[in-house]
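Worksheet for the structure shown next.
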Amino acid sequence: MNSVGEACTDLKRDYDQCFNRWFAEKFLKGDRSGDPCTETFRKYQLCVQKAIKEKDIPVDGVEFMGPNKDKPES
Amino acid sequence: MKIWASEHIFNHPWETVTKAAMQKYPNPMNPSVFGVDVLDRNVDPEGRLHSTRLLSTEWGLPAIAKSIIGVTRSCTYVQEHSVVDPKQKTLELQSTNISFTNLVSVDEKLTYKPHPQDPDKTVLTQEALISVKGVSLSSYLEGLMANTISVNASKGREAMEWVIRRLNTEIEELAATARGSIRAPMAAATVADK
């Protein structure tokens with residue numbers, strides 16, 4: 001599966017592989033030990049956030065997004 | 001405003017169905033989905049996994065349809081929020097379109113739970129709320145969309161079965177490879193003994 005940002009597809013696949021393994025082998029089995037995917041997720045996220053801004057996709061309510069972050073405090 | 005709802009039983013345990021749901025795309029039944037991205041993901045204090053995803057779809061509208069609707073692109077984006085509770089064994093997904101919100105609003109909710117009488121089965125309850133804005137004949141259009149959702153729901157269930165088969169095949173292949181790699185050195189040892 002591709003990412004909406006063409007440049008992010010490889011990063012997405014790395015993250016997906018890590019997540020799917022953790023999800024099946026740890027999370028669903030009740031193993032609450034740490035998430036091994038935080039680093040791959042971070043790299044992937046940086047790329048996706050950029051792609052979403054560039055394509056002007058109206059994502060709603062997600063922390064990193066939106067003009068609100070740039071509004072000065074009043 | 002049109003409400004559509006359905007219930008379906010999968011002959012697979014909840015864990016299998018949940019793993020498949022998290023890896024639903026790509027699949028041959030939903031070829032218009034060309035991108036899936038995770039926007040956010042975290043585990044809450046109760047141990048439930050929350051994910052926000054962006055689904056990118058391209059309907060391949062013919063040029064004439066695009067000019068009627070008045071758009072230059074036919075990418076539609078859907079935002080989905082899901083919660084997996086591994087203790088209660090529930091997976092809940094809610095999605096809404098974030099494109100063409102001035103024209104139409106489609107909100108869908110899916111819940112996957114183990115079958116109350118049979119732990120090897122999973123029940124899916126699905127509902128959709130559709131509303132077409134600012135157009136006369138809106139209830140007719142909403143009816144058409146409900147129909148499309150119904151057809152897509154059945155494709156979605158086929159897609160889930162396809163993903164489940166794919167995951168099971170991968171597991172069997174891994175197991176066969178493991179058996180093969182144990183057998184080879186044993187066979188070699190037998191030959192060496194002679």
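Chain lettering (A, B, ...) mirrors the order of the structure tokens, residue numbering begins at 1 for each chain separately, and ligand numbering begins at 1 in order of display.
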Do me a favour and pick out the residues of chain B within 10 Å of chain A, using only C-alpha atoms, as a VMD selection string.
-> chain B and resid 15 to 16 18 to 20 22 to 27 33 to 43 47 to 49 52 to 57 76 to 79 84 to 87 89 97 to 99
Which neighbours of Glu92 of chain B fall inside 7 Å, counting only C-alpha atoms, when residues of the same chain fewer than 3 positions from it are skipped, and could you give them as a PyMOL selection string?
-> chain B and resi 82-84+110-112
Using backbone DSSP assignments, extract all alpha helix (DSSP H) residues from chain B; output them as an MDAnalysis selection string.
-> chainID B and resid 14:22 63:69 138:193
What is the distance, in Å and to one decimal place, between atom CA of Ser150 of chain B and atom CA of Trp4 of chain B?
->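 For atom CA of Ser150 of chain B relative to atom CA of Trp4 of chain B, the distance reads 8.0 Å.
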Residues within 8 Å of Trp59 of chain B, please, as an mmCIF file with N, CA and C atoms, in the first residue's frame. Count only C-alpha atoms; anything in the same chain fewer than 5 positions from it doesn't count.
data_model
loop_
_atom_site.group_PDB
_atom_site.id
_atom_site.type_symbol
_atom_site.label_atom_id
_atom_site.label_comp_id
_atom_site.auth_asym_id
_atom_site.auth_seq_id
_atom_site.Cartn_x
_atom_site.Cartn_y
_atom_site.Cartn_z
ATOM 1 N N SER B 32 -10.032 1.383 -5.599
ATOM 2 C CA SER B 32 -9.933 2.841 -5.638
ATOM 3 C C SER B 32 -9.150 3.427 -4.464
ATOM 4 N N SER B 74 -10.479 14.022 -8.686
ATOM 5 C CA SER B 74 -11.470 13.147 -8.066
ATOM 6 C C SER B 74 -10.882 12.342 -6.923
ATOM 7 N N CYS B 75 -9.856 12.898 -6.273
ATOM 8 C CA CYS B 75 -9.349 12.250 -5.062
ATOM 9 C C CYS B 75 -10.304 12.574 -3.931
ATOM 10 N N THR B 76 -10.707 11.539 -3.228
ATOM 11 C CA THR B 76 -11.549 11.760 -2.050
ATOM 12 C C THR B 76 -10.788 11.268 -0.842
#
Using only C-alpha atoms, which of B:Asn147, B:Pro31, B:Asn152, B:Val106 sits nearest Val132 of chain B?
->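 That would be B:Val106, the residue with the smallest distance to Val132 of chain B.
Atom to atom, atom CA of Arg157 of chain B and atom CA of Leu91 of chain B stand 15.1 Å apart.
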Tell me, as a PyMOL selection string, which residues lie within 12 Å of Leu124 of chain B, counting only C-alpha atoms; anything in the same chain fewer than 4 positions away does not count.
-> chain B and resi 5-14+17-18+21+90-93+109-116+153-154+156-157+160
DSSP on the backbone: what in chain B comes out strand (DSSP E), as a PyMOL selection string?
-> chain B and resi 2-10+33-43+49-58+75-85+90-97+104-114+122-132
Quick one, how far is atom CA of Cys37 of chain A from atom CA of His50 of chain B?
->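 We find that atom CA of Cys37 of chain A and atom CA of His50 of chain B lie 15.1 Å from each other.
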From the list B:Ala128, B:Leu174, B:Phe100, B:Ser181, which residue is nearest Thr148 of chain B when using only C-alpha atoms?
->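 The closest residue to Thr148 of chain B is B:Ala128.
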Nearest to Pro36 of chain A, chosen from A:Gln17, A:Asp10, A:Lys50, A:Asp56, with only C-alpha atoms counted in the distances =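 For Pro36 of chain A, the nearest of the candidates is A:Gln17.
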Ser95 of chain B surroundings by only C-alpha atoms, 6 Å radius, close-in-sequence under 6 positions cut, as number ranges by chain = B: 79-80, 107-108
